[in-house]
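Input: a single structure, listed below in structure tokens.
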Amino acid sequence: MFLEVDLHSSKPVYQQLVDQVKHAVASGRLREGDKLPSIRDVAVAVRVNRNTVARVYTELEREGIVTMRPGQGCFVTARDSQLSLEVRRGQVTERLDELLAQARLYGLTREEVLDLVNERILAFYDGHSGRKQEAGR
């Protein structure tokens, strides 16, 4: 199972799991139509309450990343999910704003932030998922 929990992390368990599923989808490790492990199986494997895992799956469904099918399970949704481009951009913008605020609190300069973002883009698109950047290469 690809999910794991770091009990020493300051990030809540619920958010760790949400982020791991999102990362697995974005990197191509999980693809459209793939079935996620059952709530029970995840809860047992990572030793958390079933309600925590149910909350994770509900949040992922709310964000259009998975679809829950009663009696069948939880499945990765198509990339062009029912969420509009405007909603998806809004969610990404919100997360970017949080990260930029944190970078500023840590005293990083604009150039340091841009260098870090470029480094992570290269690692994620080229090194992490095996896919090449589409535009601008």
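We label chains A, B, ... in the order they appear in the structure tokens, count residues from 1 in each chain, and number ligands from 1 in the order shown.
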> DSSP on the backbone: what in chain A comes out strand (DSSP E), as JSON, numbers by chain?
Replying inline: {"A": [66, 67, 68, 69, 73, 74, 75, 76]}
Just to be explicit: take each residue in the selection above, keep N, CA and C atoms, and write the result as a tab-separated table (two decimals), in the first residue's frame.
chain	number	residue	atom	x	y	z
A	66	VAL	N	-11.58	11.76	-6.76
A	66	VAL	CA	-12.11	10.39	-6.76
A	66	VAL	C	-13.63	10.44	-6.82
A	67	THR	N	-14.18	9.29	-7.16
A	67	THR	CA	-15.63	9.10	-7.15
A	67	THR	C	-15.91	7.87	-6.30
A	68	MET	N	-16.83	8.00	-5.37
A	68	MET	CA	-17.22	6.86	-4.56
A	68	MET	C	-18.47	6.24	-5.17
A	69	ARG	N	-18.41	4.93	-5.40
A	69	ARG	CA	-19.53	4.19	-5.96
A	69	ARG	C	-20.03	3.22	-4.89
A	73	GLY	N	-16.75	0.80	-4.33
A	73	GLY	CA	-15.51	1.35	-3.81
A	73	GLY	C	-15.26	2.78	-4.27
A	74	CYS	N	-14.02	3.17	-4.15
A	74	CYS	CA	-13.59	4.54	-4.45
A	74	CYS	C	-12.61	4.48	-5.62
A	75	PHE	N	-12.89	5.28	-6.67
A	75	PHE	CA	-12.11	5.22	-7.90
A	75	PHE	C	-11.57	6.59	-8.29
A	76	VAL	N	-10.38	6.60	-8.89
A	76	VAL	CA	-9.79	7.83	-9.37
A	76	VAL	C	-10.63	8.36	-10.52
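Contact shell of stretch 84-97 of chain A at 10 Å (only C-alpha atoms; same-chain neighbours under 4 positions omitted): Glu63, Gly64, Asp80, Ala101, Gln102 and Ala103 of chain A.
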Give me a file of those residues, with N, CA and C atoms, as a PDB file, in the first residue's frame.
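Final output, result_26.pdb:
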ATOM      1  N   GLU A  63     -13.267  17.350  -3.956  1.00  0.00           N
ATOM      2  CA  GLU A  63     -12.336  18.047  -4.824  1.00  0.00           C
ATOM      3  C   GLU A  63     -12.314  17.475  -6.245  1.00  0.00           C
ATOM      4  N   GLY A  64     -13.107  16.437  -6.492  1.00  0.00           N
ATOM      5  CA  GLY A  64     -13.194  15.876  -7.835  1.00  0.00           C
ATOM      6  C   GLY A  64     -12.067  14.938  -8.209  1.00  0.00           C
ATOM      7  N   ASP A  80     -10.116  15.437 -16.372  1.00  0.00           N
ATOM      8  CA  ASP A  80     -11.032  16.523 -16.719  1.00  0.00           C
ATOM      9  C   ASP A  80     -12.325  16.319 -15.935  1.00  0.00           C
ATOM     10  N   ALA A 101       3.067  32.562   1.357  1.00  0.00           N
ATOM     11  CA  ALA A 101       3.050  33.222   2.667  1.00  0.00           C
ATOM     12  C   ALA A 101       4.072  32.565   3.596  1.00  0.00           C
ATOM     13  N   GLN A 102       4.136  31.242   3.564  1.00  0.00           N
ATOM     14  CA  GLN A 102       5.093  30.530   4.401  1.00  0.00           C
ATOM     15  C   GLN A 102       6.529  30.854   3.982  1.00  0.00           C
ATOM     16  N   ALA A 103       6.781  30.897   2.680  1.00  0.00           N
ATOM     17  CA  ALA A 103       8.121  31.230   2.190  1.00  0.00           C
ATOM     18  C   ALA A 103       8.530  32.633   2.640  1.00  0.00           C
TER      19      ALA A 103
END
> as number ranges by chain, which residues of stretch 3-66 of chain A does DSSP assign to alpha helix (DSSP H)?
Replying inline: A: 13-27, 39-46, 50-62
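If you look at atom CA of A:Gly33 and atom CA of A:Tyr125, they are 21.5 Å away from each other.
With atom CA of A:Leu60 on one side and atom CA of A:Asp19 on the other, the separation reads 9.5 Å.
Note that the spacing between atom CA of A:Val48 and atom CA of A:Tyr14 amounts to 9.3 Å.
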Selection: 8 Å around stretch 4-10 of chain A, only C-alpha atoms, excl. self and same-chain fewer than 5 positions, as a PDB file with C-alpha atoms, in the first residue's frame:
ATOM      1  CA  GLN A  16      -1.108  13.548   5.105  1.00  0.00           C
ATOM      2  CA  LEU A  17      -3.350  10.935   3.513  1.00  0.00           C
ATOM      3  CA  VAL A  46      -1.910   2.860   8.542  1.00  0.00           C
TER       4      VAL A  46
END
> From the list A:Ala24, A:Val13, A:Met1, A:Leu122, which residue is nearest A:Asp41 when using only C-alpha atoms?
Replying inline: A:Met1
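Around A:Asn49, within 10 Å and counting only C-alpha atoms, the residues found are Ile39, Arg40, Val42 and Ala43 of chain A, once anything fewer than 6 positions away on its own chain is removed.
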Would you mind exporting N, CA and C atoms of the selected residues as a PDB file, in the first residue's frame?
ATOM      1  N   ILE A  39     -11.844   1.652   2.758  1.00  0.00           N
ATOM      2  CA  ILE A  39     -11.654   2.451   3.969  1.00  0.00           C
ATOM      3  C   ILE A  39     -11.097   1.575   5.084  1.00  0.00           C
ATOM      4  N   ARG A  40     -11.666   0.409   5.235  1.00  0.00           N
ATOM      5  CA  ARG A  40     -11.227  -0.506   6.282  1.00  0.00           C
ATOM      6  C   ARG A  40      -9.771  -0.912   6.089  1.00  0.00           C
ATOM      7  N   VAL A  42      -7.349   0.621   4.459  1.00  0.00           N
ATOM      8  CA  VAL A  42      -6.438   1.741   4.727  1.00  0.00           C
ATOM      9  C   VAL A  42      -6.315   1.966   6.227  1.00  0.00           C
ATOM     10  N   ALA A  43      -7.460   1.961   6.926  1.00  0.00           N
ATOM     11  CA  ALA A  43      -7.459   2.200   8.374  1.00  0.00           C
ATOM     12  C   ALA A  43      -6.582   1.174   9.097  1.00  0.00           C
TER      13      ALA A  43
END
> Which one is closest to A:Arg62: A:Val18, A:Gly28, A:Pro12, A:Asp115? Count only C-alpha atoms.
Replying inline: A:Val18
